[in-house]
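Trainee: The structure's right below; bear with me while I get my questions together.
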Amino acid sequence: MSLRNEPLDWQLETNNPYIPVYHQGNLVGFFKPKYANEILKILNEEEVLKKTLKMACTDLIKKIGGDTRKVNYLMEKYVKTSERPKHGTRAIAVLLYDRQKELDLSNQEFAKFCDTFKLSPTELNNIYSGQAFDDSLLAPLSRILGMAKEQLLKVRDGSEEQSNT
């Protein structure tokens with residue numbers, strides 16, 4: 001077998017130009033020109049949103065006479081509450097909300113829809129308010145959401161990997 005027929009581990013591709021990308025004067029990487037502008041636009045928008053959130057939190061703390069050194073804590077709190085929950089009753093509530101949107105039903109129509117699957121409007125409201133629910137509601141929720149009970153349990157209780165950390 002000839003070594004000349006095997007590709008080399010290190011190669012040079014002169015036909016693909018890349019442009020350098022900098023963050024605060026430091027080189028962070030190279031991108032193809034057709035992707036660079038869009039990536040930088042998104043990253044810069046994220047920075048603007050962070051600055052905006054910081055200004056709003058600072059103004060809020062000043063308005064209530066609080067300690068402005070707690071701005072970062074307040075920012076983290078708002079970011080955490082705005083993220084989509086991955087487990088717990090709140091995650092189930094979001095899945096129900098998504099299902100309602102998918103079916104294009106009003107609140108009242110969705111409550112009736114859930115009731116046909118043996119999830120009463122009171123139980124539905126309890127889930128929306130974040131109250132824990134017992135395993136007897138897994139079967140109706142499973143049918144409403146079109147998910148296996150085991151998968152629903154993982155969402156409600158969190159996966160084993162999450163609980164070990």
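Within each chain, counting starts at residue 1; across the structure tokens, chains are named A, B, ... in the order shown, with ligands numbered 1 upward in that order.
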Which residues come within 6 Å of segment 120-137 of chain A, counting only C-alpha atoms, excluding same-chain residues fewer than 3 positions away, as a PDB file with all heavy atoms, in the first residue's frame?
Mentor:
ATOM      1  N   THR A  89     -43.412  21.106  38.008  1.00  0.00           N
ATOM      2  CA  THR A  89     -44.786  21.407  37.609  1.00  0.00           C
ATOM      3  C   THR A  89     -44.836  22.552  36.608  1.00  0.00           C
ATOM      4  O   THR A  89     -45.666  22.549  35.698  1.00  0.00           O
ATOM      5  CB  THR A  89     -45.634  21.739  38.854  1.00  0.00           C
ATOM      6  OG1 THR A  89     -45.498  20.668  39.789  1.00  0.00           O
ATOM      7  CG2 THR A  89     -47.095  21.902  38.509  1.00  0.00           C
ATOM      8  N   ARG A  90     -43.931  23.534  36.755  1.00  0.00           N
ATOM      9  CA  ARG A  90     -43.897  24.652  35.798  1.00  0.00           C
ATOM     10  C   ARG A  90     -43.619  24.154  34.382  1.00  0.00           C
ATOM     11  O   ARG A  90     -44.169  24.677  33.412  1.00  0.00           O
ATOM     12  CB  ARG A  90     -42.851  25.682  36.212  1.00  0.00           C
ATOM     13  CG  ARG A  90     -43.279  26.547  37.387  1.00  0.00           C
ATOM     14  CD  ARG A  90     -42.276  27.646  37.709  1.00  0.00           C
ATOM     15  NE  ARG A  90     -42.034  28.490  36.564  1.00  0.00           N
ATOM     16  CZ  ARG A  90     -40.815  28.899  36.177  1.00  0.00           C
ATOM     17  NH1 ARG A  90     -39.751  28.533  36.834  1.00  0.00           N
ATOM     18  NH2 ARG A  90     -40.680  29.669  35.118  1.00  0.00           N
ATOM     19  N   ALA A  93     -46.756  22.749  33.036  1.00  0.00           N
ATOM     20  CA  ALA A  93     -47.659  23.853  32.691  1.00  0.00           C
ATOM     21  C   ALA A  93     -47.291  24.456  31.335  1.00  0.00           C
ATOM     22  O   ALA A  93     -48.175  24.764  30.524  1.00  0.00           O
ATOM     23  CB  ALA A  93     -47.629  24.921  33.783  1.00  0.00           C
ATOM     24  N   ALA A 111     -59.766  23.999  28.648  1.00  0.00           N
ATOM     25  CA  ALA A 111     -60.187  23.406  29.924  1.00  0.00           C
ATOM     26  C   ALA A 111     -61.212  22.303  29.668  1.00  0.00           C
ATOM     27  O   ALA A 111     -61.153  21.229  30.294  1.00  0.00           O
ATOM     28  CB  ALA A 111     -60.758  24.476  30.846  1.00  0.00           C
ATOM     29  N   ASP A 115     -60.815  18.331  30.366  1.00  0.00           N
ATOM     30  CA  ASP A 115     -61.826  17.673  31.190  1.00  0.00           C
ATOM     31  C   ASP A 115     -62.312  16.377  30.528  1.00  0.00           C
ATOM     32  O   ASP A 115     -62.618  15.407  31.224  1.00  0.00           O
ATOM     33  CB  ASP A 115     -62.995  18.625  31.439  1.00  0.00           C
ATOM     34  CG  ASP A 115     -63.851  18.215  32.629  1.00  0.00           C
ATOM     35  OD1 ASP A 115     -63.323  17.552  33.551  1.00  0.00           O
ATOM     36  OD2 ASP A 115     -65.051  18.559  32.640  1.00  0.00           O
ATOM     37  N   PRO A 140     -54.028  11.040  32.410  1.00  0.00           N
ATOM     38  CA  PRO A 140     -54.722  12.063  31.603  1.00  0.00           C
ATOM     39  C   PRO A 140     -53.748  13.056  30.956  1.00  0.00           C
ATOM     40  O   PRO A 140     -53.925  13.419  29.795  1.00  0.00           O
ATOM     41  CB  PRO A 140     -55.638  12.773  32.599  1.00  0.00           C
ATOM     42  CG  PRO A 140     -55.599  12.014  33.856  1.00  0.00           C
ATOM     43  CD  PRO A 140     -54.509  11.023  33.779  1.00  0.00           C
TER      44      PRO A 140
END
Trainee: Can you list, as an mmCIF file with N, CA and C atoms, in the first residue's frame, all residues belonging to segment 44-116 of chain A that DSSP tags as alpha helix (DSSP H)?
Mentor:
data_model
loop_
_atom_site.group_PDB
_atom_site.id
_atom_site.type_symbol
_atom_site.label_atom_id
_atom_site.label_comp_id
_atom_site.auth_asym_id
_atom_site.auth_seq_id
_atom_site.Cartn_x
_atom_site.Cartn_y
_atom_site.Cartn_z
ATOM 1 N N ASN A 44 -23.790 40.828 19.237
ATOM 2 C CA ASN A 44 -23.885 42.232 19.660
ATOM 3 C C ASN A 44 -25.270 42.553 20.211
ATOM 4 N N GLU A 45 -26.317 41.964 19.618
ATOM 5 C CA GLU A 45 -27.673 42.172 20.149
ATOM 6 C C GLU A 45 -27.781 41.628 21.570
ATOM 7 N N GLU A 46 -27.141 40.488 21.820
ATOM 8 C CA GLU A 46 -27.163 39.901 23.163
ATOM 9 C C GLU A 46 -26.498 40.847 24.162
ATOM 10 N N GLU A 47 -25.400 41.455 23.759
ATOM 11 C CA GLU A 47 -24.707 42.404 24.644
ATOM 12 C C GLU A 47 -25.599 43.613 24.945
ATOM 13 N N VAL A 48 -26.289 44.109 23.932
ATOM 14 C CA VAL A 48 -27.186 45.246 24.127
ATOM 15 C C VAL A 48 -28.317 44.867 25.095
ATOM 16 N N LEU A 49 -28.863 43.660 24.939
ATOM 17 C CA LEU A 49 -29.934 43.209 25.843
ATOM 18 C C LEU A 49 -29.436 43.078 27.280
ATOM 19 N N LYS A 50 -28.212 42.578 27.465
ATOM 20 C CA LYS A 50 -27.644 42.481 28.814
ATOM 21 C C LYS A 50 -27.485 43.866 29.439
ATOM 22 N N LYS A 51 -26.983 44.806 28.654
ATOM 23 C CA LYS A 51 -26.818 46.168 29.157
ATOM 24 C C LYS A 51 -28.168 46.796 29.499
ATOM 25 N N THR A 52 -29.162 46.542 28.664
ATOM 26 C CA THR A 52 -30.505 47.062 28.905
ATOM 27 C C THR A 52 -31.086 46.493 30.190
ATOM 28 N N LEU A 53 -30.937 45.181 30.383
ATOM 29 C CA LEU A 53 -31.430 44.543 31.604
ATOM 30 C C LEU A 53 -30.716 45.110 32.824
ATOM 31 N N LYS A 54 -29.434 45.327 32.717
ATOM 32 C CA LYS A 54 -28.667 45.873 33.847
ATOM 33 C C LYS A 54 -29.145 47.281 34.190
ATOM 34 N N MET A 55 -29.390 48.091 33.163
ATOM 35 C CA MET A 55 -29.880 49.456 33.404
ATOM 36 C C MET A 55 -31.257 49.421 34.057
ATOM 37 N N ALA A 56 -32.146 48.548 33.564
ATOM 38 C CA ALA A 56 -33.495 48.460 34.123
ATOM 39 C C ALA A 56 -33.451 47.988 35.575
ATOM 40 N N CYS A 57 -32.622 46.994 35.865
ATOM 41 C CA CYS A 57 -32.509 46.491 37.242
ATOM 42 C C CYS A 57 -31.919 47.553 38.165
ATOM 43 N N THR A 58 -30.934 48.289 37.667
ATOM 44 C CA THR A 58 -30.336 49.376 38.459
ATOM 45 C C THR A 58 -31.386 50.438 38.764
ATOM 46 N N ASP A 59 -32.149 50.845 37.757
ATOM 47 C CA ASP A 59 -33.205 51.836 37.968
ATOM 48 C C ASP A 59 -34.240 51.340 38.978
ATOM 49 N N LEU A 60 -34.620 50.076 38.873
ATOM 50 C CA LEU A 60 -35.600 49.500 39.790
ATOM 51 C C LEU A 60 -35.075 49.508 41.225
ATOM 52 N N ILE A 61 -33.841 49.102 41.413
ATOM 53 C CA ILE A 61 -33.254 49.073 42.755
ATOM 54 C C ILE A 61 -33.146 50.487 43.328
ATOM 55 N N LYS A 62 -32.729 51.433 42.496
ATOM 56 C CA LYS A 62 -32.640 52.827 42.950
ATOM 57 C C LYS A 62 -34.011 53.368 43.347
ATOM 58 N N LYS A 63 -35.026 53.023 42.553
ATOM 59 C CA LYS A 63 -36.378 53.517 42.803
ATOM 60 C C LYS A 63 -36.919 53.037 44.148
ATOM 61 N N ILE A 64 -36.589 51.774 44.516
ATOM 62 C CA ILE A 64 -37.095 51.259 45.786
ATOM 63 C C ILE A 64 -36.117 51.494 46.934
ATOM 64 N N VAL A 71 -27.396 44.354 41.804
ATOM 65 C CA VAL A 71 -27.902 44.390 40.431
ATOM 66 C C VAL A 71 -27.666 43.057 39.734
ATOM 67 N N ASN A 72 -26.476 42.506 39.849
ATOM 68 C CA ASN A 72 -26.177 41.235 39.168
ATOM 69 C C ASN A 72 -27.060 40.115 39.685
ATOM 70 N N TYR A 73 -27.326 40.088 40.997
ATOM 71 C CA TYR A 73 -28.215 39.079 41.570
ATOM 72 C C TYR A 73 -29.617 39.213 40.968
ATOM 73 N N LEU A 74 -30.119 40.447 40.888
ATOM 74 C CA LEU A 74 -31.452 40.679 40.336
ATOM 75 C C LEU A 74 -31.501 40.293 38.857
ATOM 76 N N MET A 75 -30.434 40.596 38.116
ATOM 77 C CA MET A 75 -30.376 40.215 36.701
ATOM 78 C C MET A 75 -30.447 38.699 36.558
ATOM 79 N N GLU A 76 -29.672 37.975 37.361
ATOM 80 C CA GLU A 76 -29.677 36.516 37.307
ATOM 81 C C GLU A 76 -31.064 35.966 37.636
ATOM 82 N N LYS A 77 -31.721 36.600 38.607
ATOM 83 C CA LYS A 77 -33.065 36.164 39.006
ATOM 84 C C LYS A 77 -34.044 36.305 37.834
ATOM 85 N N TYR A 78 -33.997 37.460 37.144
ATOM 86 C CA TYR A 78 -34.895 37.679 36.013
ATOM 87 C C TYR A 78 -34.587 36.725 34.854
ATOM 88 N N VAL A 79 -33.323 36.500 34.575
ATOM 89 C CA VAL A 79 -32.946 35.588 33.495
ATOM 90 C C VAL A 79 -33.436 34.183 33.818
ATOM 91 N N LYS A 80 -33.232 33.755 35.067
ATOM 92 C CA LYS A 80 -33.637 32.404 35.467
ATOM 93 C C LYS A 80 -35.154 32.219 35.346
ATOM 94 N N THR A 81 -35.937 33.218 35.765
ATOM 95 C CA THR A 81 -37.390 33.083 35.698
ATOM 96 C C THR A 81 -37.921 33.197 34.274
ATOM 97 N N SER A 82 -37.140 33.787 33.368
ATOM 98 C CA SER A 82 -37.618 33.911 31.990
ATOM 99 C C SER A 82 -37.254 32.704 31.139
ATOM 100 N N THR A 89 -43.412 21.106 38.008
ATOM 101 C CA THR A 89 -44.786 21.407 37.609
ATOM 102 C C THR A 89 -44.836 22.552 36.608
ATOM 103 N N ARG A 90 -43.931 23.534 36.755
ATOM 104 C CA ARG A 90 -43.897 24.652 35.798
ATOM 105 C C ARG A 90 -43.619 24.154 34.382
ATOM 106 N N ALA A 91 -42.754 23.147 34.253
ATOM 107 C CA ALA A 91 -42.452 22.595 32.928
ATOM 108 C C ALA A 91 -43.687 21.927 32.326
ATOM 109 N N ILE A 92 -44.451 21.218 33.168
ATOM 110 C CA ILE A 92 -45.698 20.594 32.700
ATOM 111 C C ILE A 92 -46.683 21.677 32.269
ATOM 112 N N ALA A 93 -46.756 22.749 33.036
ATOM 113 C CA ALA A 93 -47.659 23.853 32.691
ATOM 114 C C ALA A 93 -47.291 24.456 31.335
ATOM 115 N N VAL A 94 -46.015 24.596 31.066
ATOM 116 C CA VAL A 94 -45.576 25.128 29.773
ATOM 117 C C VAL A 94 -45.947 24.165 28.647
ATOM 118 N N LEU A 95 -45.776 22.872 28.890
ATOM 119 C CA LEU A 95 -46.175 21.885 27.884
ATOM 120 C C LEU A 95 -47.674 21.958 27.598
ATOM 121 N N LEU A 96 -48.465 22.141 28.647
ATOM 122 C CA LEU A 96 -49.919 22.285 28.460
ATOM 123 C C LEU A 96 -50.242 23.546 27.662
ATOM 124 N N TYR A 97 -49.570 24.630 27.987
ATOM 125 C CA TYR A 97 -49.775 25.882 27.258
ATOM 126 C C TYR A 97 -49.412 25.701 25.782
ATOM 127 N N ASP A 98 -48.277 25.015 25.520
ATOM 128 C CA ASP A 98 -47.872 24.755 24.134
ATOM 129 C C ASP A 98 -48.920 23.915 23.405
ATOM 130 N N ARG A 99 -49.463 22.936 24.106
ATOM 131 C CA ARG A 99 -50.490 22.057 23.511
ATOM 132 C C ARG A 99 -51.740 22.862 23.172
ATOM 133 N N GLN A 100 -52.114 23.782 24.066
ATOM 134 C CA GLN A 100 -53.277 24.633 23.820
ATOM 135 C C GLN A 100 -53.055 25.476 22.561
ATOM 136 N N LYS A 101 -51.871 26.047 22.435
ATOM 137 C CA LYS A 101 -51.561 26.849 21.249
ATOM 138 C C LYS A 101 -51.574 25.991 19.988
ATOM 139 N N GLU A 102 -51.019 24.784 20.102
ATOM 140 C CA GLU A 102 -50.981 23.850 18.975
ATOM 141 C C GLU A 102 -52.387 23.512 18.488
ATOM 142 N N LEU A 103 -53.312 23.354 19.430
ATOM 143 C CA LEU A 103 -54.693 23.033 19.086
ATOM 144 C C LEU A 103 -55.514 24.272 18.738
ATOM 145 N N ASN A 107 -58.792 29.496 26.358
ATOM 146 C CA ASN A 107 -58.606 28.931 27.698
ATOM 147 C C ASN A 107 -59.786 28.048 28.096
ATOM 148 N N GLN A 108 -60.981 28.552 27.844
ATOM 149 C CA GLN A 108 -62.189 27.813 28.206
ATOM 150 C C GLN A 108 -62.313 26.518 27.381
ATOM 151 N N GLU A 109 -62.035 26.613 26.083
ATOM 152 C CA GLU A 109 -62.102 25.428 25.233
ATOM 153 C C GLU A 109 -61.057 24.388 25.642
ATOM 154 N N PHE A 110 -59.873 24.854 26.006
ATOM 155 C CA PHE A 110 -58.819 23.922 26.411
ATOM 156 C C PHE A 110 -59.159 23.246 27.733
ATOM 157 N N ALA A 111 -59.766 23.999 28.648
ATOM 158 C CA ALA A 111 -60.187 23.406 29.924
ATOM 159 C C ALA A 111 -61.212 22.303 29.668
ATOM 160 N N LYS A 112 -62.150 22.541 28.741
ATOM 161 C CA LYS A 112 -63.138 21.506 28.397
ATOM 162 C C LYS A 112 -62.453 20.309 27.733
ATOM 163 N N PHE A 113 -61.517 20.580 26.863
ATOM 164 C CA PHE A 113 -60.755 19.516 26.200
ATOM 165 C C PHE A 113 -60.055 18.639 27.243
ATOM 166 N N CYS A 114 -59.377 19.270 28.202
ATOM 167 C CA CYS A 114 -58.678 18.527 29.260
ATOM 168 C C CYS A 114 -59.666 17.746 30.122
ATOM 169 N N ASP A 115 -60.815 18.331 30.366
ATOM 170 C CA ASP A 115 -61.826 17.673 31.190
ATOM 171 C C ASP A 115 -62.312 16.377 30.528
ATOM 172 N N THR A 116 -62.346 16.339 29.197
ATOM 173 C CA THR A 116 -62.753 15.110 28.509
ATOM 174 C C THR A 116 -61.735 13.988 28.727
#
Trainee: When DSSP is applied to the backbone of this structure, which of chain A are assigned strand (DSSP E)? Write them out as a PyMOL selection string.
Mentor: chain A and resi 19-23+26-31
Trainee: Using only C-alpha atoms, which protein or nucleic acid residues come within 12 Å of segment 14-16 of chain A? Drop anything in the same chain fewer than 4 positions from it, and give the result as a PDB file with C-alpha atoms, in the first residue's frame.
Mentor:
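Writing the result to around-v8.pdb gives the following:
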ATOM      1  CA  PHE A  30     -12.203  32.843  12.335  1.00  0.00           C
ATOM      2  CA  PHE A  31     -15.447  32.611  10.349  1.00  0.00           C
ATOM      3  CA  LYS A  32     -16.449  32.274   6.752  1.00  0.00           C
ATOM      4  CA  PRO A  33     -17.538  35.706   5.516  1.00  0.00           C
ATOM      5  CA  LYS A  34     -21.085  34.574   4.702  1.00  0.00           C
TER       6      LYS A  34
END
Trainee: For Asp157 of chain A, find every residue with an atom within 7 Å (counting only C-alpha atoms), except residues of its own chain fewer than 2 positions away, and show them as a list of chain:residue names.
Mentor: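 Answer for this query is A:His87, A:Gly88, A:Leu153, A:Lys154, A:Val155, A:Ser159.
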Trainee: Tell me which protein, DNA and RNA residues are within 8 Å of Phe117 of chain A, counting only C-alpha atoms, leaving out same-chain ones fewer than 6 positions away, and put them as a PDB file with all heavy atoms, in the first residue's frame.
Mentor:
ATOM      1  N   PRO A 140     -54.028  11.040  32.410  1.00  0.00           N
ATOM      2  CA  PRO A 140     -54.722  12.063  31.603  1.00  0.00           C
ATOM      3  C   PRO A 140     -53.748  13.056  30.956  1.00  0.00           C
ATOM      4  O   PRO A 140     -53.925  13.419  29.795  1.00  0.00           O
ATOM      5  CB  PRO A 140     -55.638  12.773  32.599  1.00  0.00           C
ATOM      6  CG  PRO A 140     -55.599  12.014  33.856  1.00  0.00           C
ATOM      7  CD  PRO A 140     -54.509  11.023  33.779  1.00  0.00           C
ATOM      8  N   LEU A 141     -52.725  13.466  31.702  1.00  0.00           N
ATOM      9  CA  LEU A 141     -51.748  14.407  31.139  1.00  0.00           C
ATOM     10  C   LEU A 141     -51.000  13.772  29.974  1.00  0.00           C
ATOM     11  O   LEU A 141     -50.730  14.436  28.967  1.00  0.00           O
ATOM     12  CB  LEU A 141     -50.768  14.870  32.211  1.00  0.00           C
ATOM     13  CG  LEU A 141     -51.307  15.874  33.217  1.00  0.00           C
ATOM     14  CD1 LEU A 141     -50.363  16.033  34.397  1.00  0.00           C
ATOM     15  CD2 LEU A 141     -51.572  17.214  32.551  1.00  0.00           C
ATOM     16  N   ARG A 143     -52.132  11.563  27.893  1.00  0.00           N
ATOM     17  CA  ARG A 143     -53.013  11.558  26.718  1.00  0.00           C
ATOM     18  C   ARG A 143     -53.171  12.964  26.136  1.00  0.00           C
ATOM     19  O   ARG A 143     -53.157  13.146  24.921  1.00  0.00           O
ATOM     20  CB  ARG A 143     -54.366  10.958  27.075  1.00  0.00           C
ATOM     21  CG  ARG A 143     -54.312   9.456  27.341  1.00  0.00           C
ATOM     22  CD  ARG A 143     -55.696   8.838  27.484  1.00  0.00           C
ATOM     23  NE  ARG A 143     -56.484   9.416  28.561  1.00  0.00           N
ATOM     24  CZ  ARG A 143     -56.544   8.931  29.802  1.00  0.00           C
ATOM     25  NH1 ARG A 143     -55.858   7.855  30.132  1.00  0.00           N
ATOM     26  NH2 ARG A 143     -57.299   9.512  30.711  1.00  0.00           N
ATOM     27  N   ILE A 144     -53.320  13.945  27.007  1.00  0.00           N
ATOM     28  CA  ILE A 144     -53.489  15.331  26.544  1.00  0.00           C
ATOM     29  C   ILE A 144     -52.252  15.802  25.787  1.00  0.00           C
ATOM     30  O   ILE A 144     -52.351  16.421  24.727  1.00  0.00           O
ATOM     31  CB  ILE A 144     -53.784  16.275  27.739  1.00  0.00           C
ATOM     32  CG1 ILE A 144     -55.164  15.967  28.319  1.00  0.00           C
ATOM     33  CG2 ILE A 144     -53.680  17.740  27.320  1.00  0.00           C
ATOM     34  CD1 ILE A 144     -55.411  16.584  29.685  1.00  0.00           C
TER      35      ILE A 144
END
Trainee: So how far away is atom CA of Ala139 of chain A from atom CA of Leu152 of chain A, in Å?
Mentor: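 Separation between atom CA of Leu152 of chain A and atom CA of Ala139 of chain A: 9.4 Å.
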Trainee: Enter the distance from atom CA of Met147 of chain A to atom CA of Leu105 of chain A, in Å, rounded to one decimal.
Mentor: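 Taking atom CA of Met147 of chain A as the start and atom CA of Leu105 of chain A as the end point, the length is 19.4 Å.
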